[in-house]
Each structure stands twice: as C-alpha cells, then as structure tokens.
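For reference, the structure discussed in these notes is given below.
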There are 2 protein chains.
Amino acid sequence: MKHSQTLIPTLKEVPTDAEIASHKLLVRAGYVRQTASGVYSFLPLGNKVLKKVEQIVREEMELAGAVEMLMPALQPADLWKETGRWYNFGPELMRLHDRHDREFVLGATHEEVITSIIRDEVKSYKKLPLTLYQIQTKYRDEKRPRFGLLRGREFVMKDAYSFHDTDESLDDVYDKMYLAYSNIFKRCGLNFRAVIADSGAMGGKDTHEFMVLSEIGEDTIAYSDTSDFAANIEMAPVNVEYTRNTEQEQERTIVDTPSAKTMEEVSNFLNVSIDKGIKSLLFKIDEDKFALVLARGDHEINDIKLKNCLGATHVELASEEEAKALLGADIGSLGPVNVKEIPIIADNAITSIVNGYCGANETGKHYINVNPNKDFTVDKYEDLRFIKEGDPSPDGKGTIQFAKGIEVGHVFKLGKRYAEKLGAQYLNEQGKQEVMTMGCYGIGVSRTVAAIVEQFHDEKGIIWPKSVSPYDIHLVTVNTKDEEQLHLSESIYKELQQNHFDVLFDDRKERAGVKFADSDLIGLPIRITVGKRASEGYVECKVREDGEQFDLHVSEIVPSIKKFFSEN
Amino acid sequence: MKHSQTLIPTLKEVPTDAEIASHKLLVRAGYVRQTASGVYSFLPLGNKVLKKVEQIVREEMELAGAVEMLMPALQPADLWKETGRWYNFGPELMRLHDRHDREFVLGATHEEVITSIIRDEVKSYKKLPLTLYQIQTKYRDEKRPRFGLLRGREFVMKDAYSFHDTDESLDDVYDKMYLAYSNIFKRCGLNFRAVIADSGAMGGKDTHEFMVLSEIGEDTIAYSDTSDFAANIEMAPVNVEYTRNTEQEQERTIVDTPSAKTMEEVSNFLNVSIDKGIKSLLFKIDEDKFALVLARGDHEINDIKLKNCLGATHVELASEEEAKALLGADIGSLGPVNVKEIPIIADNAITSIVNGYCGANETGKHYINVNPNKDFTVDKYEDLRFIKEGDPSPDGKGTIQFAKGIEVGHVFKLGKRYAEKLGAQYLNEQGKQEVMTMGCYGIGVSRTVAAIVEQFHDEKGIIWPKSVSPYDIHLVTVNTKDEEQLHLSESIYKELQQNHFDVLFDDRKERAGVKFADSDLIGLPIRITVGKRASEGYVECKVREDGEQFDLHVSEIVPSIKKFFSEN
C-alpha cells in the first residue's frame with residue numbers, strides 16, 4: 001500500500017483525553033479516531049490490525065471445533081426479560097424503541113439470542129455438544145468510557161457459546177477453549193496469564209480470565225514466579241504450612257493500650273512483631289448472624305473465602321455499635337478470649353502464633369502472651385486470607401508475585417442458568433427431557449489490540465509483534481524527488497509484494513525526518529530505507545524492536561526479510 | 001466440516017411469513033433464523049456465504065484502490081444535525097439515547113462520519129483522491145420489513161466513499177468502482193445490469209444502480225437485447241426516428257364521442273388506430289403554471305423527463321376543475337387545437353401523426369383528421385415518454401426489453417453536498433480553500449446473498465454458484481452404520497481437505513432420503529455419495545445445477561473435482 005493512497009493521519013500532539021500509552025499511540029499513529037465518547041472509527045491501519053487479530057481468533061476457534069455464525073446487535077427486549085437481565089443489567093445496557101414503539105436492546109452479549117436459537121433448533125442429545133462463535137460488535141454504555149479501545153461503548157468481541165448434555169462434555173470443551181485462548185494470545189505476542197477468577201455473580205462453576213500483564217491493568221493477579229499458576233488475587237488459595245516457633249508459652253496478661261487501635265499501632269506500642277498479632281474482626285453474616293474472624297496481624301481477610309467458608313451469600317464488618325453490644329468493647333479492642341456467644345473462625349496462620357497479642361474485649365486494653373487453644377478455642381480453621389507476595393505458590397512451585405492485568409478473555413462454565421430461564425431442553429438417550437448445560441467464552445478483540453500496544457511500545461511509538469502488525473515492512477524513500485531512489489523503491493516494493501510481503505510504502509514528498517518519526521510511531525517490525533546509497537544498490541534496514549540497523553544490497557533484501565520473518 | 005459438529009437446522013415446512021424463494025429457502029435450508037422482525041441471525045451456513053461474498057467485495061475493492069476501514073454503528077446525532085438528515089431522514093433512522101441522555105443514531109449510512117473524519121484529517125490536495133470503504137452493519141427501521149434478507153432492519157453493507165479535488169478525479173474513481181461492482185456481481189455468478197438511475201433527490205450527478213434480474217424485483221429495467229444498455233425505466237431515453245406515413249392530410253372535422261374518454265375508448269369508438277391518438281394532458285407545473293403536454297395515444301408521459309424539459313421541481317396532472325376553468329372541457333376531451341393560453345409541449349412521437357384524433361376542448365367531442373403544425377402549433381418537441389418494450393435501444397444497438405430487478409449496488413457521484421454541510425475543505429495547489437467533491441458507493445452484502453438465491457434455485461432448493469457456496473462439496477454417507485461406507489467417507493473427506501476443498505460431510509445417522517433431500521435443499525455445487533458400491537471403491541457424483549449423475553472410482557475423485565471447479 002502506498003502511503004499516498006491511504007489515510008494515516010499521524011499527530012505530533014498527544015490527545016488531551018488520552019491517559020494511557022495505547023490510547024495515545026493508536027490516536028497519534030493514525031490507527032483510530034474517536035467518533036463519540038467511547039466510540040471509535042478504525043482508520044485503515046487500525047482496521048488491518050483488528051482484522052489480523054480476528055483472523056488469529058478465527059483460526060484457533062476453528063481448530064477448537066467451534067463453528068462461526070453471526071447474530072444481530074439489535075435484540076428484542078422480550079428475550080432479555082425472559083432471563084431477567086432486562087431488569088438487572090442496569091444502565092450499561094443500551095436500549096431503544098423501534099418505530100412501532102417495541103423495545104430493543106443493543107446486545108452487550110448474546111446468551112439470550114443464541115440460547116433461544118438452540119432452544120428452537122436442537123431437541124436431541126445427538127446434536128450435542130455444539131460450540132458456536134461469532135466476531136461481532138457489542139455495546140455497553142460505560143459510565144466513564146476511557147482508555148481508548150480498552151473501555152469503549154462499541155467494541156468488537158469474539159463470543160462463543162457451547163451447549164452440552166453432560167458436565168464432562170462441558171469440561172472437555174472448556175479445556176479446548178482454554179487451550180485455544182492460550183494459543184490466540186500467544187500468537188498475538190502477548191505476555192499474559194490465564195487466571196482463576198470469581199464465578200460468583202453469574203452462578204457458574206469454573207472460570208478463568210485471560211489477563212495481559214500491564215501496569216495500567218485494573219485487576220491484581222497473583223502468579224507464581226516459576227510455574228503457570230495465576231489467579232485473580234481474590235481467588236488465590238493460600239497453601240502455606242505454618243510452623244510454631246519453639247518459644248515457651250507464657251502466661252496471658254492484660255495491658256493498657258490507650259489510643260492504640262490498629263494492629264500496627266498496638267504492635268508498635270507493645271514492641272511485639274505484628275505477625276504475633278491476632279486480628280479479630282466481628283463479621284455480620286447474612287443480615288442476622290455474627291462471627292468473630294481471626295487473622296494474623298500482617299494478613300487481610302478475603303471476603304470471598306470467608307463467604308465460601310461460611311456458606312454465606314453476604315458478609316460485612318459489624319458496626320461499632322454491634323461490636324459494643326455483642327462483645328462489650330470498641331472494634332479496636334476485640335479479641336477471642338472468653339468469647340462464647342458467637343462462633344470463632346480463624347485463618348490457618350493463627351495456628352503459628354505463640355505468645356501473641358489481641359484485644360481484650362475491653363476498650364483500650366489488650367492481652368499479651370496469648371496462645372491459641374490454651375487461651376481461646378477456634379471453631380474452625382480455614383484459608384481465609386488474601387495471598388501475599390512472597391507466599392509459596394499454591395501449586396507448590398515457586399513464589400507468589402503480584403502483577404496488574406488487563407482482562408482480554410474470559411472462559412466460563414455457565415451451567416444451566418440461561419438454558420433454564422429460556423427453556424433450552426433436549427431429549428436424552430432415555431427419551432427424557434433435560435436442561436442443557438452451557439459454557440460461554442469471550443475475547444475482547446478491539447481491547448486486545450490496545451493491550452498489545454500497552455505491552456509493545458517505547459517512547460517513539462508502537463512496536464508491533466510480527467503476527468499482528470498492519471503491514472510487515474515499512475519501505476521509506478528518503479527523497480522522492482531523486483529518480484534513482486524512487487525507481488529503486490518502486491522495484492523493491494514490487495519484489496516484496498511478489499514475495500507475499502505486505503508493504504507500506506512511504507512515497508510521500510515529506511522530509512526524511514518526518515518519515516522516520518512516523519515510521520517509528522506506526523511501528524512496523526522492519527523498515528527499509530532507500531536513501532543515498534540507492535545508486536550503489538544499497539538500502540538500510542532497521543529492526544523496530546531493538547533498533548538494530550544495517551545496510552543491505554538489493555539482492556539480499558528478500559532472503560534477509562524472509563529469514564527475519566521466519567524467526568520467532 | 002462434519003454435519004454433526006455444526007448447526008444446519010433444515011425444515012420441511014415453508015415458514016408462514018416467507019413470500020419469496022430466497023426467504024423460504026434460506027430459512028428452510030438452515031442458513032438464517034429471524035431474531036426479530038427484519039433482524040436475522042446468520043447460522044453457520046449463512047455466515048459462510050456472507051463471508052464469501054464479503055471476501056469477493058474486499059478483493060475487488062482493493063484492486064480498485066479503495067482502502068478498508070471500520071466505522072461505528074453508533075453515531076452522535078450532532079453530525080446528522082449538521083447535514084440536516086437528523087430532521088429529514090424520517091422514521092427509518094433508528095435513534096436512541098445514552099445513559100447521559102445524549103442523542104445517537106444507528107448508522108443507516110456513513111456519509112456524516114466519514115466526511116467528518118476527512119474534514120479533520122485531510123487538508124491538502126496532495127492527499128486527494130482518497131477512497132475508503134468498510135464492510136459493516138447498517139440499520140434502517142423499515143415500516144414493513146419483509147422478504148427475509150432482502151429488506152431487513154439490520155443488514156450488512158459495503159459502503160465506500162471517495163474524496164476529490166476535481167470532477168475528473170471523481171469520474172475516474174467512479175469508473176473504477178463501476179468496474180469493480182461489475183466484477184463483484186459477475187464473480188457472484190449473478191445475472192445483473194448496471195442501470196442508469198435517477199440522481200434526483202440526492203442532488204448528485206451520475207448514478208448507476210446494479211440490478212439483479214428477478215421477477216420479484218421492485219424496479220423495472222429497460223435493457224437492450226443485444227448491447228449493455230440498461231436503465232431504470234424512469235431514466236431510459238427514447239431514441240426513435242419517427243417517420244410520417246405517406247397518407248394524404250385530410251380536413252379536420254369535429255365528431256361526437258359521447259362517453260368515450262380514454263384514448264382506447266375513443267380509438268375504438270372512432271375505429272381509428274390508437275397510435276393516431278393525440279393524448280393531451282394538462283399539467284400543473286410548480287404550483288402556479290400550466291402546460292398542455294401531448295403524447296401519442298399508445299405512449300405514457302414520464303414525469304421525470306417532463307420535469308427536466310421544463311426545468312421544474314414538481315409536475316402533476318391538473319384537476320378536473322382546473323381543466324374546465326382553463327380549457328373549458330372535461331379532462332377526457334382536451335386537445336391542442338386553438339389553445340393559446342398555455343404552452344404546448346409534445347413528445348417527439350407526435351411528429352409522426354397524420355390525420356390523428358384529439359379532444360376538441362368541448363366535453364364529449366373530439367376532432368378527427370388532426371395534423372400537427374397545420375391544426376395546432378407545438379412550442380417544444382422533446383423526448384417525454386416512457387420507453388416501451390420493442391423500442392430501439394437508445395444506444396442504437398438492439399431492441400428494448402423490460403425486466404424486474406433487485407437493487408444490490410449503487411454508485412453515485414455525490415458532488416459537494418455533504419462536504420459543504422460538514423465543511424470538508426482542502427487547500428488547492430494555489431493555496432486556496434476549496435470544498436471537496438465526493439462519490440459514494442454501496443453494496444447490500446446480505447441482500448446480495450438473497451439475490452443470488454433468487455436467481456439460483458429450483459423446486460428442491462438452492463443451487464449455489466461455486467464462488468459463493470458455503471462449502472464446495474457435500475459428502476454424504478448413505479449408511480453410517482456400514483463400516484466400509486463410513487471408512488471410505490472418512491478417507492475421501494481427508495483427501496478432499498488436503499486438496500484444499502471445503503467439504504460438508506453428512507455423517508448423521510439419518511435415512512438416505514432425508515440426507516439427499518437436505519443436500520438438494522442446501523445446494524452445494526456437487527454431491528459425492530458413498531453408498532452400496534463403497535466396497536468396490538466407487539462413489540456417486542451428482543452435479544446440483546443440472547442433476548447430472550455418474551459413478552466415480554475413488555482414485556478419480558480429486559482430479560474430477562478439480563476439473564469441475566476449474567470450469568466456469
């Protein structure tokens with residue numbers, strides 16, 4: 001493609017509303033333009049990258065046995081009422097009326113539409129399992145659209161849905177999709193983790209998020225420094241063997257701790273290490289019950305684990321008044337000693353404490369030399385805390401580190417929720433009606449484009465991985481008025497095309513400096529510059545990634561470029 | 001693709017709401033399902049055809065020098081207010097509000113968005129011409145969505161827009177797009193005509209519609225039986241050399257014609273050939289002027305030609321009262337003799353009349369033996385009538401025939417309309433601000449899929465042209481319980497795939513009759529049936545188009561199929 005024939009409006013200025021690298025660079029390098037808040041036009045370069053990512057997704061979906069289809073964005077509200085999402089999706093769901101005043105939504109996802117199709121068309125176990133996907137435009141009316149393509153209101157997604165008669169069949173397809181997702185993000189060149197995620201609200205079972213590691217990510221990932229283990233921090237189990245030190249158990253003593261309330265304050269005041277603190281939190285469970293929950297002073301209770309441990313649907317910290325009424329002290333002075341009224345639940349780490357300290361259930365007083373089992377009894381020990389950096393990885397391999405991640409994909413065992421609501425049933429081998437089991441699998445395709453830029457850029461611009469670069473090669477003529485340079489450029493352009501390379505040929509009458517800056521900004525893997533040495537038949541090659549530069553004779557260009565693109 | 005792995009829900013019943021073949025067959029053969037009135041889901045087969053047509057469009061657009069991009073469906077109302085279309089597009093434009101109550105439209109076309117981008121990004125003649133296209137989903141809230149994919153409310157279009165500094169540049173790109181469109185519809189196998197169309201309302205210049213010939217089409221095309229000439233009937237010029245016969249001119253006589261009002265009635269009553277009739281129509285021009293317009297008794301006046309001839313914006317037949325007041329007679333008795341008050345405009349065919357008849361401007365009376373120039377004077381002769389079947393083609397080659405057409409494409413010289421409204425200006429070579437000139441070029445991609453089915457089907461089902469068939473080959477195993485048949489089928493399936501054929505393999509445990517009926521319904525170009533002769537290594541081949549059937553040895557399959565697909 002000749003630069004003069006396409007539209008690549010590069011900018012020197014950083015757009016004022018852009019906060020993150022991908023947003024800044026995709027606008028500056030002429031890949032996208034905002035049409036409305038959170039709504040973007042993909043200019044030719046942006047569209048090419050989008051299509052390349054789509055193609056990778058398509059190939060891996062097909063390999064995984066998923067079949068492509070295409071559902072509409074315009075969906076009748078009735079379907080969303082059947083599943084209840086019309087009422088509880090909230091203002092993110094875009095709604096409209098047609099000319100006959102019938103209600104529609106602009107699809108944020110397609111569970112309703114696909115499940116209604118399958119309900120009508122699949123009646124027998126013989127047609128199961130079935131996995132269908134589409135690459136299609138989605139709508140979500142974000143309250144604060146920002147970060148360019150990362151959080152838009154109209155965006156391209158790949159969404160897949162699988163239908164099954166058994167859980168084993170779902171497990172099998174889930175594993176295939178998991179593998180396909182790993183392949184997709186690998187092929188996009190991304191540094192990512194498949195992270196164990198919370199399936200809570202959607203009522204399903206297993207679920208993994210695919211997170212691209214990035215400082216601007218909004219989720220925290222706990223991952224192993226040596227193995228594949230990774231989980232959303234909320235979902236990471238703690239698998240530590242706590243050992244008691246050999247210290248002699250002392251007699252419990254009550255001490256005044258005026259104005260020291262937090263674990264740190266008490267630790268400093270008493271001059272006792274914080275990992276000897278017994279943090280005692282009064283939780284209100286499902287509106288009417290209470291429990292005293294213990295964690296080590298240097299640990300934090302993870303609500304999700306606590307909920308799971310108690311089989312509760314809701315937990316929250318009790319109020320100052322409730323603490324006073326129930327245990328007779330301020331929240332800063334609670335502790336497990338002599339508590340009989342309510343159950344005591346403790347994180348496993350409490351077992352490691354010898355001669356610890358805790359609140360005395362008297363405002364302004366703490367006990368020191370407190371020992372579990374001797375000074376109080378715990379009803380249940382469990383893993384209740386958030387994992388920490390430095391903890392051993394739960395899979396026993398390596399040490400936990402934290403990273404921030406951008407969610408680009410999500411695989412989910414939905415179960416029967418939608419099939420039940422929409423009546424998607426089949427006849428099993430015994431001729432009995434059964435409700436189907438479902439999985440759903442999403443990839444934010446346009447978001448993936450942005451995530452790639454977040455991982456692959458420098459101060460000069462984007463550095464595309466070969467697999468998704470809009471073009472393979474940037475061919476730049478230094479001086480288009482120089483007949484020799486122009487002629488040589490044209491012949492290299494043709495030769496590279498004949499060898500199936502996709503070339504962006506900067507044939508503009510611009511200063512060389514402008515062209516080089518644009519080239520770095522646009523970020524194709526390799527630049528071939530036709531300049532002064534054109535008369536000798538020499539060009540300059542520059543690798544965008546590492547800046548390596550070298551002269552090449554015309555005859556060497558195709559073999560060298562082929563070699564470059566065959567390397568990883 | 002194995003049938004068991006995908007979703008092809010064929011139906012025996014014709015959907016009750018389907019009136020035309022493409023609608024019936026695309027539903028019955030499992031290509032699409034309606035999600036809401038005028039809104040369809042493309043099931044796997046439908047999606048494959050859609051993607052094939054898209055790919056043909058893409059290839060020809062690239063060859064024509066157009067560059068792909070992707071604009072959003074969600075468009076801010078402000079842009080549509082700038083061009084005025086917010087106010088005058090009517091209820092077909094789908095509108096909605098976001099959570100902050102800002103107005104949006106769902107794009108019916110993208111002139112506003114693309115022109116606003118070009119306005120902001122292209123400032124110099126050096127960057128012109130520029131042709132951009134997208135394949136994207138459009139919305140139009142049809143009052144009566146019907147005919148399946150032919151008239152939907154959500155549909156896939158290819159829309160292209162070109163920007164120019166000169167009319168010559170626009171002409172050049174227009175010609176390229178015209179050629180690309182011809183190639184696209186040819187490659188889709190369609191019998192179509194590029195038809196001269198009316199550019200009236202949109203204020204542009206040249207415009208052609210690409211019409212697929214079909215009885216269910218809503219437009220009438222006048223085309224030459226030997227040349228390329230084709231025009232919307234409203235736009236076809238009449239290019240006939242009228243000759244007067246050698247009959248002696250007689251004296252004009254007034255006769256009673258009680259209760260004979262139409263040209264036919266008078267012709268019968270007087271026993272004079274209708275082509276001697278001088279049809280005299282009183283037209284009201286632009287609200288305040290009148291003209292008497294003459295056509296031969298067997299011809300019809302074409303309003304568009306009349307408007308152009310008079311330079312008028314609106315013409316309509318005068319009322320009975322106006323006729324009476326102006327010419328003193330009922331509409332059935334009007335004529336040109338002795339009319340002085342208003343201009344007389346005549347179609348060229350009037351010159352051929354010798355001893356004709358016409359109204360006498362006295363109710364119930366006509367003149368016979370009327371001769372133009374002798375009995376009345378015509379202010380202006382022009383081509384004012386609709387072309388008729390049997391007329392010579394305006395290009396001098398062949399004879400005009402009529403056909404009905406489905407519009408699948410439209411190329412249009414838009415001119416400066418949108419660029420002016422949105423302020424898309426550039427600096428010309430002299431450094432002066434000028435308004436850009438535009439072209440726009442649309443193809444109804446999903447509509448093209450339906451148009452193909454209209455042209456290619458029989459009573460058994462669809463008959464896909466090779467270029468757009470969802471799969472190349474339908475491989476059918478007669479009895480999947482027969483190990484030999486199944487084994488042979490599997491090995492043919494693999495071999496065909498290795499030879500890059502796209503195969504649909506009917507591996508279902510269904511009766512052979514069901515499979516054959518489904519195969520005819522689905523309509524792939526060729527069917528390979530593995531049945532009784534599997535043990536001898538023989539299969540049956542059936543060509544869907546002509547029903548030709550023959551046995552093939554396994555070793556001959558690939559060469560035969562290759563030959564079949566290399567033929568036109």
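Ordering of the structure tokens sets the chain letters (A, B, ...), residue numbers begin anew at 1 in every chain, and ligands are numbered from 1 in the order given.
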
Please identify all polymer residues within 7 Å of region 358-368 of chain B, counting only C-alpha atoms, omitting same-chain residues fewer than 4 positions from it, and present them as a PyMOL selection string.
chain B and resi 252-259+277-279+327-330+333-335+337

Pull out every residue of chain A that has at least one atom within 6 Å of chain B, counting only C-alpha atoms, and report them as an MDAnalysis selection string.
chainID A and resid 41:44 47 68:72 96

Would you output that residue set with C-alpha atoms, as a short mmCIF file (atom, residue, chain, number, x, y, z; two decimals), in the first residue's frame?
```cif
data_model
loop_
_atom_site.label_atom_id
_atom_site.label_comp_id
_atom_site.auth_asym_id
_atom_site.auth_seq_id
_atom_site.Cartn_x
_atom_site.Cartn_y
_atom_site.Cartn_z
CA SER A 41 -13.57 4.63 14.00
CA PHE A 42 -10.82 2.26 12.95
CA LEU A 43 -8.79 4.01 10.28
CA PRO A 44 -7.07 1.81 7.70
CA ASN A 47 -8.69 -1.91 10.81
CA GLU A 68 -18.74 -19.41 13.17
CA MET A 69 -22.09 -17.68 12.84
CA LEU A 70 -23.31 -14.09 13.13
CA MET A 71 -26.04 -12.78 15.37
CA PRO A 72 -27.58 -9.33 15.29
CA LEU A 96 -34.08 1.72 22.20
#
```

I need the residues in region 315-486 of chain B that are strand (DSSP E or B) according to DSSP; give them as a count of residues only.
64

re CA of Arg193 (chain A) and CA of Leu213 (chain A): distance 7.4 Å

Please return, as JSON, numbers by chain, all residues of region 407-479 of chain B that DSSP assigns to helix (DSSP H, G or I) on the basis of the backbone.
{"B": [417, 418, 419, 420, 421, 422, 445, 446, 447, 448, 449, 450, 451, 452, 453, 454, 455, 466, 467, 468]}

Using only C-alpha atoms, which of the listed residues (B:Ser182, B:Ser280, B:Thr243, B:Thr529) sits closest to Val478 (chain B)?
B:Thr529

Could you please determine the separation between CA of Leu25 (chain B) and CA of Lys563 (chain B) in Å, to one decimal place?
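If I compute the distance from CA of Leu25 (chain B) to CA of Lys563 (chain B), I get 28.9 Å.
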
Applying 10 Å and only C-alpha atoms, which residues near Tyr181 (chain A) remain after dropping the ones on its own chain fewer than 2 positions away? List them as a list in words.
Val57, Glu60, Met61, Ala64, Asp175, Lys176, Met177, Tyr178, Leu179, Asn183, Ile184, Phe185, Lys186, Arg187, Ala194, Phe210, Val408, Gly409, His410, Val411, Tyr441, Gly442 and Ile443 of chain A

Taking only C-alpha atoms into account, which of B:Val543, B:Gly38, B:Arg511, B:Asn88 comes nearest Ala18 (chain B)?
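Counting only C-alpha atoms, the residue closest to Ala18 (chain B) is B:Gly38.
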
I'd like the contact shell of Tyr125 (chain B) - 7 Å cut-off, only C-alpha atoms, skipping same-chain residues fewer than 2 positions apart - returned as number ranges by chain.
B: 127-128, 165, 426-429

Neighbour list for Thr83 (chain A) as a ChimeraX atom specification, cut-off 7 Å, only C-alpha atoms, skip fewer than 6 positions in-chain
/A:418,421-422

So that I can check the surroundings of Asn245 (chain A), please list as a list in words every protein, DNA and RNA residue that reaches within 10 Å of it, counting only C-alpha atoms and ignoring chain neighbours fewer than 2 positions away.
Tyr242, Thr243, Glu247, Gln248, Ser352, Ile353 and Val354 of chain A

For CA of Asp298 (chain A) and CA of Phe386 (chain A), determine how far apart the two atoms are, in Å to one decimal place.
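Separation between CA of Asp298 (chain A) and CA of Phe386 (chain A): 10.6 Å.
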
Residue contacts of Ser446 (chain B) (8 Å, only C-alpha atoms) excluding same-chain residues fewer than 2 positions away, as a VMD selection string:
chain B and resid 50 149 to 150 155 to 157 444 448 to 450
